[in-house]
Structure formats: structure tokens, C-alpha cells
Amino acid sequence: MEERKLTEKESLELITSMIARTKARYLGSGNILLMWGYLGVIVSALVWILLVTTRQNIWNGLWFAIPLIGMPLTMIMARREHRERGALTYSDKITSRLWTIFSLSEIVLAIICLGFAVLGGINCWAAMLVYSLLLAPGTEIAQGLIVREKSLTAGGTIGLAIGFLTLCCTMGGIPLGANWFMPLFIFAFVAMMIIPGHILNNKAKHQK
Amino acid sequence: MKELNPLLHSQLRLAVMSILMNVEEADFVYLKEKTESTAGNLSVQLDKLASAGYISVEKGMSGKRPRTACSITELGRTAFEEYVDSLRSYLNL
């Protein structure tokens, strides 16, 4: 393209052509979702095995490995993805902010739960589990609607259903037994992160 | 009939503005690919648009590589919309 004057008709054609070049629906790769998904499955399986074999609640501390590993990795991966793509759309910005709000609220809730545990000796860590299983699927459904990707909406809906079940069990005083709840939790990660992540990667491969 | 903005009524500058109207931010390499222009020419036109206050250009580093990120300003958005309105009246659309 050169620097030259245009006729009015050529101007209109150029604007139309540039809009067409940039408006292609960009889903992004599913690598970040896959990272969270596999990290969640590995940590959940590890906690499950250790709880069942040793019967010591201390292993629940391993749950913190998910945000401690996942959050820095997400920042690195998102930066690299943005650099490779070269442009940031409005929907990228909105979905990124939605997940940032979710992450920050998780940190605040973790601090509150820690405060309850340290100051009052009250164990309310289940609140984090319920909150994660309600807000993460909600955020994923929102992302799916924004980028018009059904696998995200469907995965989020399954996660939300598991979240509602967890909420009702917690409120109803039904213990979240490792034998039935942990497989369900792992299934939530598979449905919400791993399956949509592979679908997104597959679509991204065909977009290139 | 309103005169077409001379700053936008040029091929490469109009192409850049059309792209930036559609994205929040685009880097130099992305703009170069989409407009199929040369680095030197694009750089000159970006400077002209930035001097007019139509775009903001941020130079920084991305990892070990230099990165130039461009985004449209409110002034640029308004100028582009006025330009399109003028085009419509010229073409009786």
C-alpha cells in the first residue's frame, strides 16, 4: 500500500476492505484454559489420593497450588498470546477484565477465610469452593456469550450446575465426601476447561 | 458540501484509521501486515496521525523485542466518523 490520494469511491472500498480484514471472529487459543484445566485435575487428584490414603486434612493446603501456579502462568501466556496476535479487540479486553475480577475476588475471599481461621478458629474454607464453582462457570458463560463460542457456554453451564449442587450440600449440612465430591470436582474441570480448551485450539488451528 | 479531511483522505492513513476503529490496540507489525505497507512508509504515516492527535503511539518492550502499540483517540474517532459522513454525502448514500 502506498501513500496516495483516493477517489471517494476508493475510500469507501478501502474502509470496507480494512474492516473485513480485522473483523474475523478471533477466539484465541485454548492454551490458558487447558493449563487451568490440567492443573486443576492434577491438584484435585493429588489431594483426593492423599486425603483418602493418609486421612489428614492438612493436604487441603495443596488447593492453594492452583492459584499460585495458575495466576503467574496465565499472565505470561496471555502476554505471549497478545504479542503473537498483534492486536487487542474490545471483546478480548472485556473477557480479560472479567477473569481479573474473578481472580481478585478469589484472593479477597481467601484472605477473609484465612482471617476466620486464624482469628476465630472457624473453618469456612468451603465458601471458597462454593464461590469458585459458581463464579468461574458464570464468568466462562459470559466469555462464551461474548466470543460466541458454544463450548464455553456449555462447559460453564455444567460447572454452574455442579456449583449449585455444592452450594445446596454445603447449606444443607451434607458433607462433601472425598469419594464422591472429588471425582465430581475433577469432572467440573474437564467440562469447563479441558474440553472447551481443546475445541478452541482446534478452531484456532483451522483459522490460521 | 463539507470538504474531506485531507489527513484521512490518503490511502495508507485511511487504512490505518479503519483498522484502529475496529480494535482497541494494534501493534506496528499487525498494521504493517494488514495494510501491506512498508515499514518506512507506515512509520511516517503513523507519525502524521499521532501529530494530529488522531492516534496514540506507545513504544515499549515486549520481552526482548521493541513493540509499538497504536490506538485511536477520541479526536481520531470523531474525525473518522465525520470523514465517513462526508463520504456519504459525496456519494449520495
# chains A, B, ... in the order shown; residues from 1 in each chain; ligands from 1
>>> residues_around(residues="Phe80 (chain B)", least_positions_apart="3", cutoff="10 Å", atoms="only C-alpha atoms", output="list in words")
Asn5, Leu8, Leu14, Met17, Ser18, Met21, Tyr54, Ile72, Glu74, Leu75, Gly76, Arg77, Tyr83, Val84, Asp85 and Ser86 of chain B
>>> write_last_selection(atoms="all heavy atoms", output="compact mmCIF listing (two decimals), in the first residue's frame")
# COMPACT_ATOMS: atom_id res chain seq x y z
N ASN B 5 -11.57 15.49 4.96
CA ASN B 5 -10.38 15.74 5.79
C ASN B 5 -9.13 15.27 5.04
O ASN B 5 -8.97 14.07 4.79
CB ASN B 5 -10.56 14.99 7.11
CG ASN B 5 -9.43 15.21 8.08
OD1 ASN B 5 -8.33 15.60 7.69
ND2 ASN B 5 -9.70 14.96 9.34
N LEU B 8 -7.04 12.35 6.42
CA LEU B 8 -7.58 10.98 6.32
C LEU B 8 -7.74 10.55 4.87
O LEU B 8 -7.82 9.34 4.58
CB LEU B 8 -8.93 10.89 7.03
CG LEU B 8 -8.91 11.11 8.54
CD1 LEU B 8 -10.30 10.92 9.12
CD2 LEU B 8 -7.94 10.16 9.20
N LEU B 14 -5.80 6.28 5.86
CA LEU B 14 -7.19 5.86 6.00
C LEU B 14 -7.27 4.38 6.38
O LEU B 14 -8.11 3.98 7.19
CB LEU B 14 -7.95 6.13 4.69
CG LEU B 14 -9.45 5.83 4.72
CD1 LEU B 14 -10.16 6.68 5.77
CD2 LEU B 14 -10.08 6.07 3.35
N MET B 17 -6.46 4.05 10.06
CA MET B 17 -7.57 4.53 10.90
C MET B 17 -8.74 3.55 10.87
O MET B 17 -9.38 3.33 11.90
CB MET B 17 -8.04 5.91 10.41
CG MET B 17 -7.04 7.01 10.67
SD MET B 17 -6.83 7.38 12.43
CE MET B 17 -8.29 8.36 12.76
N SER B 18 -9.00 2.95 9.70
CA SER B 18 -10.11 1.98 9.60
C SER B 18 -9.85 0.77 10.49
O SER B 18 -10.76 0.27 11.14
CB SER B 18 -10.28 1.50 8.15
OG SER B 18 -10.44 2.58 7.30
N MET B 21 -10.18 1.71 14.20
CA MET B 21 -11.58 1.90 14.62
C MET B 21 -12.17 0.58 15.10
O MET B 21 -13.15 0.57 15.84
CB MET B 21 -12.43 2.43 13.46
CG MET B 21 -12.27 3.90 13.18
SD MET B 21 -12.91 4.98 14.47
CE MET B 21 -14.68 4.91 14.21
N TYR B 54 -4.77 12.05 16.32
CA TYR B 54 -5.77 11.05 15.94
C TYR B 54 -5.48 9.67 16.52
O TYR B 54 -6.39 8.87 16.69
CB TYR B 54 -5.87 10.94 14.41
CG TYR B 54 -6.53 12.12 13.74
CD1 TYR B 54 -6.66 12.18 12.35
CD2 TYR B 54 -7.03 13.18 14.49
CE1 TYR B 54 -7.26 13.26 11.73
CE2 TYR B 54 -7.64 14.27 13.88
CZ TYR B 54 -7.74 14.30 12.49
OH TYR B 54 -8.35 15.36 11.89
N ILE B 72 -6.59 4.31 18.66
CA ILE B 72 -7.25 5.54 18.19
C ILE B 72 -7.65 6.40 19.39
O ILE B 72 -7.99 5.87 20.44
CB ILE B 72 -8.45 5.18 17.28
CG1 ILE B 72 -8.84 6.37 16.39
CG2 ILE B 72 -9.64 4.68 18.08
CD1 ILE B 72 -9.62 5.98 15.16
N GLU B 74 -10.08 9.74 21.00
CA GLU B 74 -11.45 10.23 20.82
C GLU B 74 -11.49 11.21 19.65
O GLU B 74 -12.43 11.20 18.85
CB GLU B 74 -11.95 10.91 22.09
CG GLU B 74 -12.67 9.97 23.04
CD GLU B 74 -13.72 9.09 22.36
OE1 GLU B 74 -14.67 9.61 21.74
OE2 GLU B 74 -13.57 7.85 22.44
N LEU B 75 -10.44 12.05 19.55
CA LEU B 75 -10.36 13.03 18.45
C LEU B 75 -10.31 12.29 17.11
O LEU B 75 -10.99 12.67 16.14
CB LEU B 75 -9.11 13.90 18.63
CG LEU B 75 -8.89 15.02 17.63
CD1 LEU B 75 -9.98 16.09 17.77
CD2 LEU B 75 -7.51 15.66 17.81
N GLY B 76 -9.53 11.22 17.05
CA GLY B 76 -9.41 10.42 15.83
C GLY B 76 -10.72 9.75 15.47
O GLY B 76 -11.12 9.69 14.30
N ARG B 77 -11.40 9.25 16.49
CA ARG B 77 -12.70 8.58 16.26
C ARG B 77 -13.71 9.57 15.66
O ARG B 77 -14.41 9.26 14.70
CB ARG B 77 -13.20 8.04 17.61
CG ARG B 77 -14.20 6.92 17.52
CD ARG B 77 -14.47 6.33 18.88
NE ARG B 77 -13.40 5.45 19.33
CZ ARG B 77 -13.25 4.20 18.95
NH1 ARG B 77 -14.13 3.66 18.12
NH2 ARG B 77 -12.26 3.46 19.36
N TYR B 83 -15.43 12.03 8.58
CA TYR B 83 -14.94 11.72 7.24
C TYR B 83 -15.92 10.79 6.52
O TYR B 83 -16.24 11.00 5.35
CB TYR B 83 -13.55 11.06 7.36
CG TYR B 83 -12.95 10.65 6.05
CD1 TYR B 83 -12.27 11.56 5.25
CD2 TYR B 83 -13.06 9.33 5.60
CE1 TYR B 83 -11.72 11.18 4.04
CE2 TYR B 83 -12.51 8.95 4.39
CZ TYR B 83 -11.85 9.88 3.61
OH TYR B 83 -11.31 9.49 2.41
N VAL B 84 -16.39 9.77 7.24
CA VAL B 84 -17.34 8.82 6.63
C VAL B 84 -18.66 9.52 6.29
O VAL B 84 -19.24 9.30 5.22
CB VAL B 84 -17.58 7.60 7.57
CG1 VAL B 84 -18.70 6.71 7.05
CG2 VAL B 84 -16.30 6.79 7.71
N ASP B 85 -19.10 10.45 7.16
CA ASP B 85 -20.31 11.22 6.86
C ASP B 85 -20.13 12.05 5.59
O ASP B 85 -21.03 12.12 4.74
CB ASP B 85 -20.64 12.16 8.03
CG ASP B 85 -21.30 11.41 9.18
OD1 ASP B 85 -21.77 10.28 8.95
OD2 ASP B 85 -21.31 11.95 10.30
N SER B 86 -18.96 12.67 5.47
CA SER B 86 -18.68 13.49 4.28
C SER B 86 -18.65 12.60 3.03
O SER B 86 -19.19 12.98 1.99
CB SER B 86 -17.32 14.18 4.39
OG SER B 86 -17.25 14.90 5.56
>>> interface_residues(of="chain A", to="chain B", cutoff="9 Å", atoms="only C-alpha atoms", output="short mmCIF file (atom, residue, chain, number, x, y, z; two decimals) with C-alpha atoms, in the first residue's frame")
data_model
loop_
_atom_site.label_atom_id
_atom_site.label_comp_id
_atom_site.auth_asym_id
_atom_site.auth_seq_id
_atom_site.Cartn_x
_atom_site.Cartn_y
_atom_site.Cartn_z
CA MET A 1 0.00 0.00 0.00
CA GLU A 2 1.29 3.41 -0.92
CA GLU A 3 0.69 6.95 0.23
CA ARG A 4 -1.66 8.38 -2.42
CA LYS A 5 -4.87 10.33 -2.76
CA LEU A 6 -8.05 8.40 -3.30
CA THR A 7 -11.35 8.97 -5.01
CA GLU A 8 -14.42 8.95 -2.74
CA LYS A 9 -15.45 5.54 -4.05
CA GLU A 10 -11.97 4.10 -3.47
CA SER A 11 -12.02 5.47 0.07
CA LEU A 12 -15.24 3.67 0.85
CA LEU A 14 -10.72 0.73 1.35
CA ILE A 15 -12.61 1.24 4.62
CA THR A 16 -14.81 -1.77 3.85
CA SER A 17 -11.81 -3.91 2.99
CA MET A 18 -9.89 -2.98 6.17
CA ILE A 19 -12.93 -3.67 8.35
CA ARG A 21 -9.63 -7.86 7.41
CA THR A 22 -9.95 -7.10 11.11
CA LYS A 23 -13.45 -8.25 11.94
CA ARG A 79 1.14 -11.61 27.26
CA ARG A 80 2.71 -14.01 24.77
CA ARG A 83 2.25 -10.33 21.33
CA ARG A 85 -1.51 -11.81 17.59
CA GLY A 86 -0.57 -8.12 17.44
CA ALA A 87 -4.00 -6.64 18.19
CA LEU A 88 -6.40 -6.42 21.07
CA THR A 89 -10.14 -6.25 20.43
CA TYR A 90 -12.88 -4.94 22.69
CA ASP A 92 -10.53 -9.54 24.42
CA LYS A 93 -10.38 -6.64 26.85
#
>>> closest_residue(among="A:Ala20, A:Ser29, A:Val41, A:Cys169", to="Ala204 (chain A)", atoms="only C-alpha atoms")
A:Ser29
>>> residues_around(residues="region 100-107 of chain A", least_positions_apart="6", cutoff="9 Å", atoms="only C-alpha atoms", output="PyMOL selection string")
chain A and resi 67+71+128+131-132+135-136+139
>>> write_last_selection(atoms="all heavy atoms", output="compact mmCIF listing (two decimals), in the first residue's frame")
# COMPACT_ATOMS: atom_id res chain seq x y z
N PRO A 67 -4.15 -21.55 42.38
CA PRO A 67 -3.93 -20.13 42.02
C PRO A 67 -2.45 -19.72 42.02
O PRO A 67 -2.06 -18.89 41.19
CB PRO A 67 -4.69 -19.36 43.12
CG PRO A 67 -4.86 -20.32 44.24
CD PRO A 67 -4.90 -21.69 43.64
N MET A 71 -2.07 -18.40 38.30
CA MET A 71 -2.14 -16.96 38.03
C MET A 71 -0.89 -16.40 37.33
O MET A 71 -1.02 -15.73 36.31
CB MET A 71 -2.44 -16.19 39.32
CG MET A 71 -3.91 -16.29 39.72
SD MET A 71 -4.23 -15.35 41.21
CE MET A 71 -5.95 -15.80 41.50
N MET A 128 -14.95 -20.94 49.76
CA MET A 128 -14.11 -20.73 48.57
C MET A 128 -14.47 -21.72 47.47
O MET A 128 -14.50 -21.38 46.29
CB MET A 128 -12.63 -20.89 48.92
CG MET A 128 -12.09 -19.68 49.62
SD MET A 128 -10.34 -19.45 49.31
CE MET A 128 -10.30 -18.96 47.61
N TYR A 131 -17.88 -20.68 46.08
CA TYR A 131 -17.75 -19.44 45.31
C TYR A 131 -17.07 -19.72 43.96
O TYR A 131 -17.52 -19.25 42.91
CB TYR A 131 -16.93 -18.44 46.13
CG TYR A 131 -16.74 -17.11 45.44
CD1 TYR A 131 -17.80 -16.20 45.34
CD2 TYR A 131 -15.52 -16.75 44.88
CE1 TYR A 131 -17.62 -14.99 44.71
CE2 TYR A 131 -15.34 -15.53 44.25
CZ TYR A 131 -16.40 -14.66 44.17
OH TYR A 131 -16.23 -13.45 43.53
N SER A 132 -15.98 -20.52 44.01
CA SER A 132 -15.26 -20.83 42.76
C SER A 132 -16.16 -21.57 41.78
O SER A 132 -16.11 -21.33 40.57
CB SER A 132 -14.05 -21.72 43.04
OG SER A 132 -13.25 -21.13 44.01
N LEU A 135 -18.82 -18.72 40.54
CA LEU A 135 -18.37 -17.56 39.75
C LEU A 135 -17.52 -17.93 38.54
O LEU A 135 -17.65 -17.31 37.48
CB LEU A 135 -17.63 -16.55 40.63
CG LEU A 135 -17.64 -15.15 40.01
CD1 LEU A 135 -19.04 -14.55 40.00
CD2 LEU A 135 -16.70 -14.21 40.70
N ALA A 136 -16.66 -18.96 38.66
CA ALA A 136 -15.84 -19.35 37.49
C ALA A 136 -16.75 -19.80 36.33
O ALA A 136 -16.56 -19.34 35.20
CB ALA A 136 -14.84 -20.43 37.86
N THR A 139 -18.42 -16.72 34.85
CA THR A 139 -17.50 -15.93 34.03
C THR A 139 -17.28 -16.62 32.68
O THR A 139 -17.22 -15.97 31.64
CB THR A 139 -16.16 -15.75 34.77
OG1 THR A 139 -16.43 -15.25 36.08
CG2 THR A 139 -15.24 -14.80 34.05
>>> select_by_dssp(residues="region 4-93 of chain B", states="alpha helix (DSSP H)", output="ChimeraX atom specification")
/B:11-22,28-35,39-51,74-90
>>> select_by_dssp(residues="chain B", states="strand (DSSP E)", output="ChimeraX atom specification")
/B:25-27,55-62,65-72
>>> atom_distance(atom1="CA of Leu50 (chain A)", atom2="CA of Trp63 (chain A)")
12.2 Å
>>> atom_distance(atom1="CA of Lys203 (chain A)", atom2="CA of Ile186 (chain A)")
24.6 Å
